$ cat work.cif   # mmCIF, C-alpha atoms
data_input
#
loop_
_atom_site.label_atom_id
_atom_site.label_comp_id
_atom_site.auth_asym_id
_atom_site.auth_seq_id
_atom_site.Cartn_x
_atom_site.Cartn_y
_atom_site.Cartn_z
CA MET M 1 142.41 -105.70 64.89
CA ASN M 2 140.61 -104.24 61.89
CA THR M 3 140.10 -100.49 62.23
CA ASN M 4 138.54 -100.19 58.80
CA PRO M 5 135.29 -102.12 59.18
CA SER M 6 133.19 -102.61 56.08
CA LEU M 7 130.10 -100.88 57.34
CA GLY M 8 128.73 -99.90 53.96
CA GLY M 9 128.87 -96.14 53.64
CA ILE M 10 131.48 -95.51 56.31
CA GLU M 11 133.47 -93.56 53.73
CA GLN M 12 130.76 -90.88 53.96
CA PHE M 13 131.74 -90.13 57.54
CA ASP M 14 134.85 -88.05 57.97
CA LEU M 15 135.56 -87.06 61.55
CA LYS M 16 138.98 -85.56 60.86
CA GLY M 17 139.59 -82.76 63.33
CA LYS M 18 136.99 -84.13 65.77
CA ARG M 19 137.95 -85.58 69.11
CA ALA M 20 135.88 -88.35 70.69
CA LEU M 21 136.01 -89.53 74.29
CA ILE M 22 134.70 -93.06 74.60
CA VAL M 23 133.96 -94.08 78.19
CA GLY M 24 133.77 -97.84 78.53
CA GLY M 25 135.97 -97.94 75.43
CA ALA M 26 138.21 -100.88 76.27
CA ASP M 27 135.73 -103.60 75.38
CA GLY M 28 132.36 -104.48 73.88
CA ILE M 29 130.25 -101.81 72.21
CA GLY M 30 132.58 -99.02 73.36
CA PHE M 31 135.57 -100.63 71.71
CA ALA M 32 133.60 -101.26 68.51
CA ILE M 33 132.65 -97.59 68.47
CA ALA M 34 136.29 -96.63 69.00
CA ARG M 35 137.29 -98.73 65.99
CA GLY M 36 134.65 -97.00 63.89
CA TYR M 37 135.71 -93.53 65.01
CA VAL M 38 139.36 -94.29 64.26
CA ALA M 39 138.31 -95.58 60.82
CA CYS M 40 136.56 -92.24 60.29
CA ASN M 41 139.72 -90.29 61.20
CA ALA M 42 138.62 -89.02 64.61
CA GLU M 43 141.10 -88.43 67.39
CA VAL M 44 140.10 -90.92 70.08
CA VAL M 45 140.47 -90.92 73.85
CA LEU M 46 139.59 -94.26 75.43
CA ALA M 47 138.54 -94.27 79.09
CA ASP M 48 137.74 -97.35 81.10
CA LYS M 49 138.07 -98.85 84.56
CA ASN M 50 140.06 -101.81 83.18
CA ILE M 51 143.45 -100.14 82.75
CA THR M 52 145.17 -103.36 81.62
CA LEU M 53 142.76 -103.91 78.74
CA LEU M 54 142.78 -100.18 78.00
CA GLU M 55 146.54 -100.25 77.50
CA GLU M 56 146.29 -103.38 75.35
CA ARG M 57 143.79 -101.56 73.11
CA ARG M 58 146.02 -98.49 72.91
CA ALA M 59 148.99 -100.65 71.91
CA ALA M 60 146.90 -102.45 69.27
CA PHE M 61 145.80 -99.14 67.74
CA GLU M 62 149.38 -97.83 67.86
CA SER M 63 150.67 -100.96 66.09
CA LEU M 64 148.36 -100.08 63.21
CA GLY M 65 149.56 -96.48 63.10
CA HIS M 66 146.66 -94.92 65.00
CA HIS M 67 147.47 -92.73 67.98
CA VAL M 68 144.90 -92.92 70.77
CA LEU M 69 145.04 -91.58 74.30
CA THR M 70 143.86 -93.54 77.31
CA CYS M 71 142.70 -92.60 80.77
CA GLU M 72 141.50 -94.75 83.64
CA VAL M 73 138.04 -93.84 84.95
CA ASP M 74 135.51 -95.28 87.36
CA VAL M 75 132.12 -93.74 86.55
CA ALA M 76 130.92 -94.61 90.05
CA ASP M 77 133.55 -92.28 91.54
CA GLN M 78 133.14 -88.51 91.15
CA ALA M 79 136.84 -87.86 91.85
CA SER M 80 137.74 -90.24 89.02
CA ILE M 81 135.38 -88.41 86.65
CA SER M 82 136.93 -85.08 87.70
CA GLN M 83 140.37 -86.48 86.86
CA LEU M 84 139.07 -87.58 83.46
CA VAL M 85 137.69 -84.09 82.81
CA SER M 86 141.08 -82.55 83.70
CA PHE M 87 142.88 -85.03 81.44
CA VAL M 88 140.55 -84.30 78.53
CA ILE M 89 140.89 -80.52 78.93
CA GLN M 90 144.69 -80.72 79.25
CA THR M 91 144.98 -82.86 76.13
CA GLY M 92 142.80 -80.74 73.84
CA GLY M 93 139.13 -81.02 74.84
CA ILE M 94 136.47 -83.07 73.10
CA ASP M 95 133.80 -82.75 70.45
CA ILE M 96 132.02 -86.04 71.15
CA LEU M 97 131.35 -87.91 74.39
CA VAL M 98 130.26 -91.53 74.07
CA ASN M 99 129.25 -93.28 77.28
CA SER M 100 129.28 -97.04 76.88
CA ALA M 101 130.19 -97.88 80.48
CA ALA M 102 127.65 -100.28 81.94
CA ILE M 103 127.23 -103.47 83.91
CA THR M 104 124.47 -106.01 84.35
CA GLN M 105 123.71 -109.09 86.37
CA ARG M 106 121.07 -111.61 85.39
CA GLU M 107 118.94 -112.15 88.47
CA PRO M 108 115.26 -111.84 89.43
CA VAL M 109 114.44 -108.44 90.95
CA LEU M 110 113.06 -109.94 94.16
CA GLU M 111 116.16 -112.07 94.67
CA MET M 112 118.73 -109.39 93.85
CA SER M 113 120.57 -107.94 96.83
CA ASP M 114 120.29 -104.22 97.48
CA GLU M 115 124.05 -103.94 96.96
CA VAL M 116 123.91 -105.43 93.46
CA TRP M 117 120.85 -103.33 92.53
CA GLU M 118 122.57 -100.16 93.74
CA LYS M 119 125.82 -100.99 91.93
CA ILE M 120 124.01 -101.43 88.60
CA ILE M 121 122.01 -98.21 89.07
CA THR M 122 125.12 -96.33 90.23
CA ILE M 123 127.29 -97.31 87.28
CA ASN M 124 124.67 -97.26 84.54
CA LEU M 125 122.47 -94.31 85.55
CA HIS M 126 124.33 -92.21 88.10
CA GLY M 127 127.52 -92.63 86.06
CA ALA M 128 125.74 -91.37 82.94
CA HIS M 129 124.41 -88.37 84.87
CA ALA M 130 127.84 -87.57 86.32
CA LEU M 131 129.47 -87.76 82.88
CA ALA M 132 126.75 -85.62 81.32
CA LYS M 133 127.03 -83.01 84.04
CA ALA M 134 130.82 -82.90 83.83
CA PHE M 135 131.18 -82.87 80.07
CA ALA M 136 128.20 -80.70 79.10
CA SER M 137 129.96 -77.81 80.82
CA VAL M 138 133.21 -78.65 78.98
CA LEU M 139 131.41 -78.66 75.63
CA VAL M 140 129.64 -75.38 76.41
CA LYS M 141 132.86 -73.66 77.61
CA GLN M 142 134.71 -74.76 74.47
CA GLY M 143 132.14 -72.82 72.44
CA ARG M 144 132.17 -75.15 69.44
CA GLY M 145 129.18 -77.33 70.22
CA GLY M 146 129.47 -81.06 70.47
CA ARG M 147 127.64 -84.31 70.94
CA MET M 148 126.91 -86.54 73.91
CA ILE M 149 125.96 -90.11 73.03
CA PHE M 150 124.76 -92.59 75.65
CA ILE M 151 124.45 -96.27 74.83
CA THR M 152 121.21 -97.77 76.09
CA SER M 153 119.40 -101.00 75.34
CA THR M 154 116.14 -102.47 74.15
CA GLY M 155 115.75 -103.24 77.85
CA ALA M 156 115.08 -99.53 78.35
CA TYR M 157 111.83 -99.94 76.40
CA ARG M 158 110.85 -103.56 76.98
CA ALA M 159 110.96 -105.48 80.24
CA SER M 160 112.97 -108.65 80.25
CA GLU M 161 112.86 -111.32 82.93
CA ASN M 162 115.89 -111.30 85.24
CA TYR M 163 117.21 -107.96 83.95
CA GLY M 164 115.17 -105.59 86.12
CA ALA M 165 117.97 -103.42 87.50
CA TYR M 166 119.63 -103.15 84.10
CA SER M 167 116.36 -102.23 82.36
CA VAL M 168 115.48 -99.66 85.01
CA SER M 169 118.95 -98.10 84.73
CA LYS M 170 118.83 -97.93 80.92
CA ALA M 171 115.29 -96.51 80.91
CA GLY M 172 116.63 -93.82 83.23
CA VAL M 173 119.44 -93.08 80.77
CA VAL M 174 116.89 -92.67 77.96
CA MET M 175 114.97 -90.09 80.01
CA LEU M 176 118.22 -88.40 81.03
CA CYS M 177 119.11 -87.98 77.35
CA LYS M 178 115.69 -86.61 76.45
CA THR M 179 115.84 -84.15 79.34
CA LEU M 180 119.37 -83.05 78.40
CA ALA M 181 118.24 -82.52 74.81
CA LEU M 182 115.53 -80.15 76.03
CA GLU M 183 117.71 -78.36 78.56
CA LEU M 184 120.81 -77.96 76.39
CA ALA M 185 119.10 -77.14 73.09
CA PRO M 186 120.07 -73.75 71.65
#
$ encode --input "work.cif" --output "structure tokens"
Amino acid sequence: MNTNPSLGGIEQFDLKGKRALIVGGADGIGFAIARGYVACNAEVVLADKNITLLEERRAAFESLGHHVLTCEVDVADQASISQLVSFVIQTGGIDILVNSAAITQREPVLEMSDEVWEKIITINLHGAHALAKAFASVLVKQGRGGRMIFITSTGAYRASENYGAYSVSKAGVVMLCKTLALELAP
């Protein structure tokens, strides 16, 4: 695993002393972001529902001399998010929240079951809202500012056949972010 990606200009970003929580950090975009943050000297907390992969990622970082913390979380479960908040507070707080947790299923809207539609909306949109609500208060209470970053998709702006639930959920995340920016601005 390369934790020093050649991203042209990465040396300009020094996150030493900053702590990033990456939800959905065991795989995909979240894991790529984790690698970048580690390369920029941030302290990283990886959270994901897949505890097996999460521990594999932690071990891989550790083998390269990078200490990362891990915590299991299910963004569809408020109790799980509350446990993540407690873990983060007990281990030093955060400066940056990155939410990369998401799911999709390729299926026409009119053929998709209500259960699948609701699961996608719950994880992608309701999960983002629950994380924002939980961690905005943590960032405010810490009194040192911070950042909340939510990964969306081009599907939030442009409809794509067979990705209706995903696109709707990601468009909702875009509006959630814009609303939070207005409501949390100093």
$ atom_distance --input "work.cif" --atom1 "CA of Ala26 in chain M" --atom2 "CA of Asn162 in chain M"
26.2 Å
$ resolve_selection --input "work.cif" --expression "the PyMOL selection byres ((chain M and resi 45-59) around 7)" --output "number ranges by chain"
M: 20-26, 43-44, 60-63, 68-74
$ resolve_selection --input "work.cif" --expression "the PyMOL selection byres ((chain M and resi 33) around 12)" --output "ChimeraX atom specification"
/M:3-5,7,20-32,34-40,42,44-46,96-100,149-151
$ atom_distance --input "work.cif" --atom1 "CA of Phe135 in chain M" --atom2 "CA of Gly172 in chain M"
18.5 Å
$ resolve_selection --input "work.cif" --expression "the PyMOL selection byres ((chain M and resi 106-122) around 7)" --output "JSON, numbers by chain"
{"M": [76, 103, 104, 105, 123, 124, 125, 126, 127, 161, 162, 163, 164, 165, 166, 169]}
$ atom_distance --input "work.cif" --atom1 "CA of Arg147 in chain M" --atom2 "CA of Gly92 in chain M"
15.8 Å
$ axis_aligned_box --input "work.cif" --around "range 173-184 of chain M" --padding-each-side "4 Å" --output "AutoDock Vina command-line options"
--center_x 117.9 --center_y -85.5 --center_z 77.9 --size_x 13.8 --size_y 23.1 --size_z 14.2
$ closest_residue --input "work.cif" --among "M:Arg144, M:His67, M:His129, M:Lys178" --to "Gly93 in chain M" --atoms "only C-alpha atoms"
M:Arg144
$ closest_residue --input "work.cif" --among "M:Asp77, M:Asp95, M:Val168, M:Ser86" --to "Gly17 in chain M" --atoms "only C-alpha atoms"
M:Asp95
$ residues_around --input "work.cif" --residues "range 131-133 of chain M" --least-positions-apart "5" --cutoff "8 Å" --atoms "only C-alpha atoms" --output "number ranges by chain"
M: 75, 81, 99, 148
$ closest_residue --input "work.cif" --among "M:Lys18, M:Ile94, M:Ala130, M:Ala101" --to "Leu176 in chain M" --atoms "all atoms listed in the file"
M:Ala130
$ closest_residue --input "work.cif" --among "M:Lys16, M:Ala102, M:Ile89, M:Ser82" --to "Lys141 in chain M" --atoms "all atoms listed in the file"
M:Ile89
$ closest_residue --input "work.cif" --among "M:Met175, M:Ala156, M:Ala128, M:Leu184" --to "Val140 in chain M" --atoms "only C-alpha atoms"
M:Leu184
$ decode --input "work.cif" --residues "range 51-124 of chain M" --atoms "C-alpha atoms" --output "tab-separated table (two decimals), in the first residue's frame"
chain	number	residue	atom	x	y	z
M	51	ILE	CA	-14.83	-4.35	10.59
M	52	THR	CA	-12.74	-7.10	8.94
M	53	LEU	CA	-11.58	-4.85	6.12
M	54	LEU	CA	-11.19	-1.97	8.56
M	55	GLU	CA	-8.74	-3.99	10.65
M	56	GLU	CA	-6.86	-5.10	7.52
M	57	ARG	CA	-6.44	-1.43	6.55
M	58	ARG	CA	-5.28	-0.51	10.06
M	59	ALA	CA	-2.70	-3.31	9.99
M	60	ALA	CA	-1.49	-2.22	6.54
M	61	PHE	CA	-1.00	1.37	7.73
M	62	GLU	CA	0.73	0.14	10.90
M	63	SER	CA	3.12	-2.03	8.85
M	64	LEU	CA	4.24	1.15	7.11
M	65	GLY	CA	4.74	2.99	10.39
M	66	HIS	CA	1.48	4.96	10.37
M	67	HIS	CA	-0.74	4.73	13.43
M	68	VAL	CA	-4.45	4.91	12.66
M	69	LEU	CA	-7.43	4.26	14.88
M	70	THR	CA	-10.46	2.30	13.76
M	71	CYS	CA	-14.06	2.15	14.89
M	72	GLU	CA	-16.98	0.14	13.56
M	73	VAL	CA	-19.99	2.23	12.54
M	74	ASP	CA	-23.28	1.67	10.77
M	75	VAL	CA	-24.53	5.06	9.53
M	76	ALA	CA	-28.06	3.66	9.34
M	77	ASP	CA	-28.05	3.12	13.11
M	78	GLN	CA	-28.19	6.14	15.44
M	79	ALA	CA	-26.84	4.13	18.40
M	80	SER	CA	-23.82	3.16	16.30
M	81	ILE	CA	-23.21	6.81	15.37
M	82	SER	CA	-23.48	7.77	19.06
M	83	GLN	CA	-20.83	5.16	19.88
M	84	LEU	CA	-18.61	6.60	17.16
M	85	VAL	CA	-19.02	10.10	18.61
M	86	SER	CA	-18.05	8.81	22.08
M	87	PHE	CA	-15.03	7.01	20.64
M	88	VAL	CA	-13.88	10.11	18.77
M	89	ILE	CA	-14.29	12.36	21.83
M	90	GLN	CA	-12.50	9.88	24.12
M	91	THR	CA	-9.58	9.55	21.72
M	92	GLY	CA	-8.97	13.26	21.14
M	93	GLY	CA	-11.76	14.78	19.04
M	94	ILE	CA	-11.59	15.65	15.35
M	95	ASP	CA	-10.81	18.55	13.06
M	96	ILE	CA	-12.14	17.01	9.86
M	97	LEU	CA	-15.10	14.72	9.18
M	98	VAL	CA	-15.17	12.98	5.81
M	99	ASN	CA	-18.30	10.99	5.00
M	100	SER	CA	-17.70	8.54	2.19
M	101	ALA	CA	-20.18	5.90	3.35
M	102	ALA	CA	-22.62	5.09	0.56
M	103	ILE	CA	-24.29	2.28	-1.33
M	104	THR	CA	-25.98	1.94	-4.69
M	105	GLN	CA	-27.88	-0.61	-6.69
M	106	ARG	CA	-28.30	-0.41	-10.44
M	107	GLU	CA	-32.01	-0.86	-11.11
M	108	PRO	CA	-34.81	1.09	-12.80
M	109	VAL	CA	-36.75	3.28	-10.37
M	110	LEU	CA	-40.09	1.68	-11.21
M	111	GLU	CA	-38.71	-1.82	-10.67
M	112	MET	CA	-36.83	-1.11	-7.45
M	113	SER	CA	-38.44	-2.44	-4.30
M	114	ASP	CA	-39.38	0.02	-1.58
M	115	GLU	CA	-36.94	-1.75	0.75
M	116	VAL	CA	-33.97	-1.21	-1.57
M	117	TRP	CA	-34.98	2.42	-2.25
M	118	GLU	CA	-35.28	3.10	1.48
M	119	LYS	CA	-31.96	1.41	2.27
M	120	ILE	CA	-30.10	3.57	-0.27
M	121	ILE	CA	-31.78	6.77	0.98
M	122	THR	CA	-31.21	5.77	4.61
M	123	ILE	CA	-27.50	5.08	4.26
M	124	ASN	CA	-26.60	7.81	1.78
